[in-house]
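Listing of protein.tsv; format and content: TSV, C-alpha atoms and all ligand atoms.
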```
chain	number	residue	atom	x	y	z
R	533	MET	CA	-10.10	12.38	27.55
R	534	GLY	CA	-7.03	11.57	25.45
R	535	LYS	CA	-6.70	11.43	21.69
R	536	VAL	CA	-6.70	8.32	19.51
R	537	TRP	CA	-4.24	8.41	16.64
R	538	PHE	CA	-4.54	6.15	13.62
R	539	VAL	CA	-0.95	5.76	12.57
R	540	GLY	CA	0.28	4.18	9.35
R	541	ALA	CA	3.06	1.79	10.33
R	542	GLY	CA	4.25	1.42	6.75
R	543	PRO	CA	4.61	-1.77	4.74
R	544	GLY	CA	6.78	-3.79	7.11
R	545	ASP	CA	10.23	-2.35	7.67
R	546	PRO	CA	9.90	-0.43	10.97
R	547	ASP	CA	12.26	2.21	9.57
R	548	LEU	CA	9.49	3.19	7.15
R	549	VAL	CA	7.28	4.58	9.91
R	550	THR	CA	7.18	8.38	9.54
R	551	VAL	CA	9.03	10.53	12.07
R	552	LYS	CA	5.68	11.81	13.34
R	553	GLY	CA	4.44	8.23	13.70
R	554	ARG	CA	7.57	7.20	15.59
R	555	ASP	CA	7.25	10.18	17.96
R	556	LEU	CA	3.64	9.25	18.68
R	557	ILE	CA	4.60	5.60	19.29
R	558	ALA	CA	7.23	6.78	21.78
R	559	ARG	CA	4.69	9.06	23.53
R	560	ALA	CA	1.79	6.61	23.55
R	561	GLY	CA	0.37	5.24	26.77
R	562	ALA	CA	-1.38	2.45	24.88
R	563	ILE	CA	-1.00	0.93	21.41
R	564	LEU	CA	-3.36	-1.43	19.63
R	565	PHE	CA	-1.68	-2.92	16.59
R	566	ALA	CA	-3.22	-4.77	13.66
R	567	GLY	CA	-1.57	-8.20	13.56
R	568	SER	CA	2.02	-9.31	13.23
R	569	LEU	CA	2.64	-7.01	10.27
R	570	VAL	CA	3.03	-3.96	12.44
R	571	SER	CA	4.17	-5.31	15.79
R	572	ALA	CA	7.84	-4.68	15.07
R	573	ALA	CA	7.36	-0.92	14.82
R	574	ALA	CA	5.39	-0.86	18.05
R	575	MET	CA	7.97	-2.90	19.93
R	576	ARG	CA	10.91	-0.93	18.64
R	577	TRP	CA	9.80	2.58	19.56
R	578	ALA	CA	7.28	2.26	22.40
R	579	SER	CA	8.17	3.34	25.95
R	580	ALA	CA	8.67	0.73	28.67
R	581	GLY	CA	5.37	1.51	30.39
R	582	CYS	CA	3.26	1.45	27.23
R	583	GLU	CA	0.41	-1.06	27.11
R	584	ILE	CA	0.65	-2.93	23.80
R	585	ALA	CA	-2.05	-5.22	22.44
R	586	ASP	CA	-2.77	-7.10	19.22
R	587	SER	CA	-6.23	-6.67	17.73
R	588	LYS	CA	-6.15	-9.84	15.66
R	589	ASP	CA	-8.74	-11.64	17.79
R	590	MET	CA	-10.92	-8.58	18.43
R	591	ALA	CA	-14.19	-7.72	16.71
R	592	LEU	CA	-14.82	-4.07	15.81
R	593	GLU	CA	-16.85	-3.41	18.97
R	594	GLU	CA	-14.01	-4.74	21.13
R	595	ILE	CA	-11.50	-2.58	19.31
R	596	ILE	CA	-13.63	0.51	19.91
R	597	ALA	CA	-14.18	-0.38	23.57
R	598	TRP	CA	-10.43	-0.90	24.02
R	599	LEU	CA	-9.56	2.43	22.41
R	600	VAL	CA	-12.22	4.38	24.33
R	601	ALA	CA	-11.17	2.87	27.67
R	602	ARG	CA	-7.48	3.64	26.99
R	603	ALA	CA	-8.32	7.19	25.86
R	604	GLN	CA	-10.03	7.75	29.21
R	605	ALA	CA	-6.77	6.89	30.99
R	606	ASN	CA	-4.09	8.15	28.59
R	607	GLU	CA	-3.33	11.32	26.71
R	608	THR	CA	-2.08	9.49	23.61
R	609	VAL	CA	-3.52	6.22	22.32
R	610	LEU	CA	-2.47	4.64	19.02
R	611	ARG	CA	-4.16	2.40	16.54
R	612	LEU	CA	-1.21	1.18	14.43
R	613	GLN	CA	-2.19	-0.03	10.99
R	614	THR	CA	-0.25	-1.50	8.12
R	615	GLY	CA	0.74	0.75	5.26
R	616	ASP	CA	-1.49	3.80	5.11
R	617	PRO	CA	-4.64	3.99	7.24
R	618	SER	CA	-6.76	5.37	4.39
R	619	LEU	CA	-6.51	2.18	2.33
R	620	TYR	CA	-8.44	-1.00	3.18
R	621	GLY	CA	-8.11	-0.27	6.90
R	622	ALA	CA	-11.67	0.23	8.23
R	623	LEU	CA	-10.73	3.75	9.32
R	624	ILE	CA	-14.21	5.19	9.01
R	625	GLU	CA	-15.85	2.22	10.72
R	626	MET	CA	-13.69	3.04	13.73
R	627	ALA	CA	-13.89	6.83	13.45
R	628	GLN	CA	-17.70	6.93	13.60
R	629	PRO	CA	-18.10	5.21	16.99
R	630	LEU	CA	-15.14	7.17	18.40
R	631	ASP	CA	-16.81	10.39	17.23
R	632	ALA	CA	-20.01	9.23	18.89
R	633	ALA	CA	-18.11	8.57	22.11
R	634	GLY	CA	-16.63	12.07	21.98
R	635	VAL	CA	-13.04	10.85	21.47
R	636	ASP	CA	-10.81	13.19	19.49
R	637	ILE	CA	-8.96	11.41	16.65
R	638	GLY	CA	-6.03	12.12	14.36
R	639	VAL	CA	-4.49	10.27	11.42
R	640	VAL	CA	-0.82	9.95	10.46
R	641	PRO	CA	-0.27	8.69	6.92
R	642	GLY	CA	2.03	5.79	6.16
R	643	VAL	CA	3.96	4.34	3.24
R	644	THR	CA	1.49	2.14	1.44
R	645	SER	CA	2.56	-1.28	0.21
R	646	ALA	CA	2.16	-0.38	-3.47
R	647	MET	CA	4.90	2.20	-3.09
R	648	ALA	CA	7.08	-0.22	-1.14
R	649	ALA	CA	6.66	-2.81	-3.91
R	650	ALA	CA	7.64	-0.29	-6.59
R	651	ALA	CA	10.68	0.71	-4.53
R	652	ALA	CA	11.73	-2.91	-4.00
R	653	ALA	CA	11.74	-3.55	-7.73
R	654	VAL	CA	13.16	-0.11	-8.70
R	655	GLU	CA	10.13	0.65	-10.83
R	656	SER	CA	8.42	3.94	-11.65
R	657	LEU	CA	4.64	3.71	-11.71
R	658	THR	CA	4.37	6.68	-14.06
R	659	LEU	CA	6.45	7.42	-17.14
R	660	PRO	CA	6.11	10.24	-19.67
R	661	GLU	CA	4.09	9.19	-22.72
R	662	VAL	CA	3.57	5.70	-21.28
R	663	THR	CA	1.16	6.24	-18.42
R	664	GLN	CA	0.48	9.10	-16.03
R	665	THR	CA	-2.12	7.32	-13.96
R	666	VAL	CA	-2.06	4.81	-11.10
R	667	ILE	CA	-5.13	2.92	-9.93
R	668	LEU	CA	-5.10	1.35	-6.46
R	669	THR	CA	-7.67	-1.41	-6.39
R	670	ARG	CA	-8.49	-5.02	-5.58
R	671	VAL	CA	-10.54	-7.76	-7.19
R	672	GLU	CA	-13.85	-8.94	-5.92
R	673	GLY	CA	-13.56	-11.46	-3.11
R	674	ARG	CA	-15.94	-11.41	-0.18
R	675	THR	CA	-16.12	-7.62	-0.47
R	676	PRO	CA	-18.20	-6.81	-3.57
R	677	MET	CA	-16.82	-4.28	-6.06
R	678	PRO	CA	-19.04	-1.24	-6.74
R	679	GLU	CA	-20.43	-0.89	-10.25
R	680	GLY	CA	-17.95	0.27	-12.86
R	681	GLU	CA	-14.95	-0.86	-10.81
R	682	SER	CA	-14.39	-4.39	-12.01
R	683	LEU	CA	-10.71	-4.93	-12.76
R	684	GLU	CA	-11.59	-5.56	-16.39
R	685	GLU	CA	-13.16	-2.10	-16.67
R	686	LEU	CA	-10.28	-0.41	-14.84
R	687	ALA	CA	-7.69	-2.30	-16.90
R	688	ARG	CA	-9.10	-0.84	-20.11
R	689	HIS	CA	-7.26	2.37	-19.22
R	690	HIS	CA	-3.96	0.54	-19.75
R	691	CYS	CA	-2.46	2.56	-16.92
R	692	THR	CA	-0.65	1.25	-13.84
R	693	LEU	CA	-2.76	-1.05	-11.67
R	694	CYS	CA	-1.74	-1.83	-8.08
R	695	VAL	CA	-3.91	-4.68	-6.89
R	696	TYR	CA	-4.21	-5.18	-3.14
R	697	LEU	CA	-5.71	-8.15	-1.27
R	698	SER	CA	-5.84	-10.32	-4.36
R	699	ILE	CA	-2.87	-12.66	-4.50
R	700	THR	CA	-5.06	-15.73	-3.91
R	701	LEU	CA	-7.21	-14.49	-6.80
R	702	LEU	CA	-4.33	-13.98	-9.23
R	703	GLN	CA	-6.10	-16.04	-11.89
R	704	GLN	CA	-9.00	-13.57	-11.74
R	705	VAL	CA	-6.54	-10.66	-12.09
R	706	VAL	CA	-4.92	-12.20	-15.14
R	707	SER	CA	-8.28	-13.01	-16.75
R	708	ALA	CA	-9.46	-9.42	-16.24
R	709	LEU	CA	-6.30	-8.03	-17.85
R	710	ARG	CA	-6.72	-10.36	-20.82
R	711	ALA	CA	-10.39	-9.44	-21.20
R	712	ALA	CA	-9.35	-5.78	-21.22
R	713	GLY	CA	-6.93	-6.41	-24.08
R	714	TRP	CA	-3.61	-6.74	-22.25
R	715	ARG	CA	-1.23	-8.89	-24.26
R	716	ASP	CA	0.24	-12.15	-23.04
R	717	ASP	CA	3.70	-10.58	-22.90
R	718	ALA	CA	2.59	-7.52	-20.90
R	719	PRO	CA	4.84	-7.33	-17.84
R	720	MET	CA	3.62	-7.97	-14.31
R	721	LEU	CA	5.24	-7.72	-10.93
R	722	VAL	CA	4.40	-9.40	-7.64
R	723	VAL	CA	6.20	-8.39	-4.47
R	724	GLN	CA	5.66	-10.36	-1.30
R	725	LYS	CA	6.46	-8.73	2.03
R	726	ALA	CA	7.82	-5.62	0.36
R	727	SER	CA	10.37	-3.90	2.60
R	728	TRP	CA	10.43	-6.69	5.19
R	729	PRO	CA	14.11	-7.11	6.07
R	730	GLY	CA	15.31	-10.45	4.69
R	731	GLU	CA	11.82	-11.64	3.69
R	732	GLU	CA	10.98	-9.66	0.59
R	733	LYS	CA	10.35	-11.66	-2.60
R	734	ILE	CA	10.20	-10.08	-6.03
R	735	ILE	CA	8.57	-12.04	-8.85
R	736	ARG	CA	8.71	-10.65	-12.37
R	737	GLY	CA	6.63	-12.18	-15.10
R	738	THR	CA	4.01	-11.54	-17.73
R	739	VAL	CA	0.27	-11.89	-18.07
R	740	ALA	CA	0.99	-15.37	-19.46
R	741	ASP	CA	3.32	-16.71	-16.78
R	742	ILE	CA	3.01	-14.70	-13.54
R	743	ARG	CA	0.60	-17.19	-12.02
R	744	ASP	CA	2.87	-20.20	-12.54
R	745	LYS	CA	5.84	-18.25	-11.23
R	746	CYS	CA	3.98	-17.23	-8.09
R	747	ARG	CA	2.78	-20.78	-7.60
R	748	SER	CA	6.25	-22.24	-7.85
R	749	GLU	CA	7.59	-19.59	-5.46
R	750	LYS	CA	4.64	-20.36	-3.10
R	751	ILE	CA	3.47	-16.74	-2.98
R	752	SER	CA	0.02	-16.92	-1.42
R	753	SER	CA	-0.22	-14.01	1.03
R	754	GLN	CA	0.99	-10.49	1.84
R	755	ALA	CA	1.72	-9.68	-1.77
R	756	MET	CA	1.19	-6.69	-4.04
R	757	ILE	CA	0.31	-7.30	-7.68
R	758	ILE	CA	1.35	-4.61	-10.14
R	759	ALA	CA	0.48	-4.58	-13.82
R	760	SER	CA	1.87	-1.63	-15.69
R	761	PRO	CA	3.19	-0.66	-19.10
R	762	THR	CA	6.08	1.00	-17.21
R	763	LEU	CA	7.50	-2.20	-15.73
R	764	GLY	CA	11.06	-2.97	-16.71
R	765	ALA	CA	11.69	0.55	-18.05
R	766	ARG	CA	15.05	0.66	-16.30
R	767	HIS	CA	16.34	-1.44	-19.20
R	768	TRP	CA	14.65	0.40	-22.06
R	769	PRO	CA	17.08	1.93	-24.55
R	770	ASP	CA	14.51	4.41	-25.94
R	771	LEU	CA	13.07	5.98	-22.82
R	772	LYS	CA	11.16	9.27	-23.23
R	773	LYS	CA	12.67	11.75	-20.79
R	774	SER	CA	10.64	13.70	-18.27
R	775	LYS	CA	10.14	17.38	-19.15
R	776	LEU	CA	11.11	18.27	-15.60
R	777	TYR	CA	14.82	17.80	-16.30
R	778	ASP	CA	14.73	18.79	-19.95
R	779	ALA	CA	17.15	21.67	-20.62
R	780	SER	CA	14.65	23.33	-22.99
R	781	PHE	CA	11.81	23.31	-20.48
R	782	THR	CA	11.26	26.24	-18.13
R	783	HIS	CA	9.55	25.72	-14.82
R	784	ARG	CA	9.20	27.58	-11.55
R	785	PHE	CA	12.67	26.82	-10.24
R	786	ARG	CA	14.75	26.76	-13.38
R	787	ARG	CA	15.07	28.77	-16.58
R	788	ALA	CA	15.41	26.93	-19.87
R	789	SER	CA	18.93	27.13	-21.20
R	790	GLU	CA	17.66	28.29	-24.62
W	801	LIG	N1	-3.33	-0.26	4.44
W	801	LIG	C1	-2.45	-1.19	3.79
W	801	LIG	C2	-3.21	-2.22	2.98
W	801	LIG	C3	-3.96	-3.20	3.84
W	801	LIG	S1	-4.75	-4.42	2.89
W	801	LIG	C4	-1.47	-0.43	2.88
W	801	LIG	O1	-1.61	0.79	2.74
W	801	LIG	O2	-0.55	-1.05	2.35
W	801	LIG	C5	-3.58	-5.72	2.93
W	801	LIG	C6	-2.96	-5.91	1.57
W	801	LIG	O3	-1.91	-4.98	1.40
W	801	LIG	C7	-2.33	-7.27	1.35
W	801	LIG	O4	-3.28	-8.18	0.88
W	801	LIG	C8	-1.30	-6.98	0.29
W	801	LIG	O5	-1.89	-6.91	-0.99
W	801	LIG	C9	-0.87	-5.58	0.67
W	801	LIG	N2	0.35	-5.55	1.51
W	801	LIG	C10	0.45	-5.12	2.78
W	801	LIG	N3	1.75	-5.15	3.19
W	801	LIG	C11	2.46	-5.59	2.12
W	801	LIG	C12	3.85	-5.80	1.89
W	801	LIG	N4	4.77	-5.55	2.83
W	801	LIG	N5	4.23	-6.26	0.67
W	801	LIG	C13	3.32	-6.49	-0.30
W	801	LIG	N6	2.00	-6.29	-0.14
W	801	LIG	C14	1.58	-5.86	1.06
```
Write the structure described by the file as structure tokens, please.
Amino acid sequence: MGKVWFVGAGPGDPDLVTVKGRDLIARAGAILFAGSLVSAAAMRWASAGCEIADSKDMALEEIIAWLVARAQANETVLRLQTGDPSLYGALIEMAQPLDAAGVDIGVVPGVTSAMAAAAAAVESLTLPEVTQTVILTRVEGRTPMPEGESLEELARHHCTLCVYLSITLLQQVVSALRAAGWRDDAPMLVVQKASWPGEEKIIRGTVADIRDKCRSEKISSQAMIIASPTLGARHWPDLKKSKLYDASFTHRFRRASE
């Protein structure tokens, strides 16, 4: 029996697959990828004899059956997922039946889309004395939010919020921020298809205008919403510097100059 690897394909640019992920793609006898988002990575690195299939029309049971059957015939089988497999990827729903079938599994992390969006816009999600916390979340759509995790409650921390799976519910995001006391001029960022070569779109706005801007740019899918008091800091004249590079701060690798 072979091993099934859940591999994070990254946010879109095939070059953002990890080296370990790429090596596994090249070694795989069979790859099941999750929709068009990750096909490019599979096609670019897979060997000529590799069986490659798209899971977009498969139900969970069919996915499991496919993976188990391929693991019986191949040493290395891949489930390629967008971004990182630990986020909104049904990893555990697939791991449990594979465990039950006695199939060994492994996971290779990937670059999640929140990080790709921050990179695209040259933003830092943490800044000294501004916020030191990032929340990865979504708003309630068909998947209910557990108690205490409404965006309004989370937004009361006034930290960085990376909101997945919610671009069609942007109005709900904005209302939650307002209800939590975010000002109209608080900056927001939406990145569509972050890292996709030639297709990335970066929309900068505020609580007051981000929705109109996204509507006029026709952003309605594959987008990351970021609300953060750090946004735009590249242009701040009065930035608080990180202690890490402060000459008067001693840490493990460097002695303070005073
Ligand atoms: N596991 C994935 C998330 C899957 S949920 C990850 O770690 O990124 C799908 C959501 O991820 C989308 O609704 C969107 O909010 C976000 N997303 C995925 N790829 C993206 C990209 N290239 N740019 C912006 N957002 C993206």
Exercise. Figure out the distance between atom O1 of ligand LIG 801 (chain W) and atom CA of R:Asp716, please, to one decimal in Å.
Key: 28.9 Å
Self-check item: Polymer residues at most 12 Å from R:Gln703, all atoms listed in the file, same-chain spacing of 6 or more positions, as a ChimeraX atom specification
Solution: /R:671,709-710,739-744,746-747,757
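With only C-alpha atoms as the atoms that count, the residue of R:Arg670, R:Arg736, R:Lys772, R:Arg715 with the shortest distance to R:Val695 is R:Arg670.
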Exercise. Excluding stretch 620-633 of chain R and residues on its chain fewer than 6 positions from it, collect all residues at most 8 Å away from it, counting all atoms listed in the file, and give them as a PyMOL selection string.
Key: chain R and resi 538+592+596+600+613
Quiz item: Please, which residues have at least one atom within 9 Å of an atom of ligand LIG 801 (chain W), using all atoms listed in the file, listed as a count of residues only?
Solution: 45
Radius query 9 Å about (-1.6, -3.6, 17.8), atoms used: all atoms listed in the file, as a compact mmCIF listing (two decimals) with C-alpha atoms, in the frame of the given file:
```txt
# COMPACT_ATOMS: atom_id res chain seq x y z
CA ILE R 563 -1.00 0.93 21.41
CA LEU R 564 -3.36 -1.43 19.63
CA PHE R 565 -1.68 -2.92 16.59
CA ALA R 566 -3.22 -4.77 13.66
CA GLY R 567 -1.57 -8.20 13.56
CA SER R 568 2.02 -9.31 13.23
CA VAL R 570 3.03 -3.96 12.44
CA SER R 571 4.17 -5.31 15.79
CA ALA R 574 5.39 -0.86 18.05
CA ILE R 584 0.65 -2.93 23.80
CA ALA R 585 -2.05 -5.22 22.44
CA ASP R 586 -2.77 -7.10 19.22
CA SER R 587 -6.23 -6.67 17.73
CA LYS R 588 -6.15 -9.84 15.66
CA LEU R 610 -2.47 4.64 19.02
CA ARG R 611 -4.16 2.40 16.54
CA LEU R 612 -1.21 1.18 14.43
CA GLN R 613 -2.19 -0.03 10.99
```
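Distances here use only C-alpha atoms; by that measure, the residue among R:Leu683, R:Leu657, R:Ala712, R:Ala605 closest to R:Thr762 is R:Leu657.
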So that all listed atoms of stretch 711-715 of chain R fit with 5 Å spare on each side, what axis-aligned box centre and edge lengths in Å, to one decimal, would you give as lines of an AutoDock Vina configuration file?
```
center_x = -5.8
center_y = -7.6
center_z = -22.7
size_x = 19.2
size_y = 13.7
size_z = 13.1
```
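Considering the residues R:Leu776, R:Ile735, R:Ile751, R:Ala708 and counting only C-alpha atoms, R:His690 has its shortest atom-to-atom contact with R:Ala708.
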Near R:Leu763, counting only C-alpha atoms, which residues have an atom at most 9 Å away, once you skip same-chain residues fewer than 2 positions from it, shown as a tab-separated table (two decimals) with C-alpha atoms, keeping the file's coordinate frame?
```
chain	number	residue	atom	x	y	z
R	655	GLU	CA	10.13	0.65	-10.83
R	656	SER	CA	8.42	3.94	-11.65
R	657	LEU	CA	4.64	3.71	-11.71
R	718	ALA	CA	2.59	-7.52	-20.90
R	719	PRO	CA	4.84	-7.33	-17.84
R	720	MET	CA	3.62	-7.97	-14.31
R	721	LEU	CA	5.24	-7.72	-10.93
R	758	ILE	CA	1.35	-4.61	-10.14
R	759	ALA	CA	0.48	-4.58	-13.82
R	760	SER	CA	1.87	-1.63	-15.69
R	761	PRO	CA	3.19	-0.66	-19.10
R	765	ALA	CA	11.69	0.55	-18.05
R	766	ARG	CA	15.05	0.66	-16.30
```
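Atom CA of R:Ala687 lies 24.9 Å from atom CA of R:Asp770.
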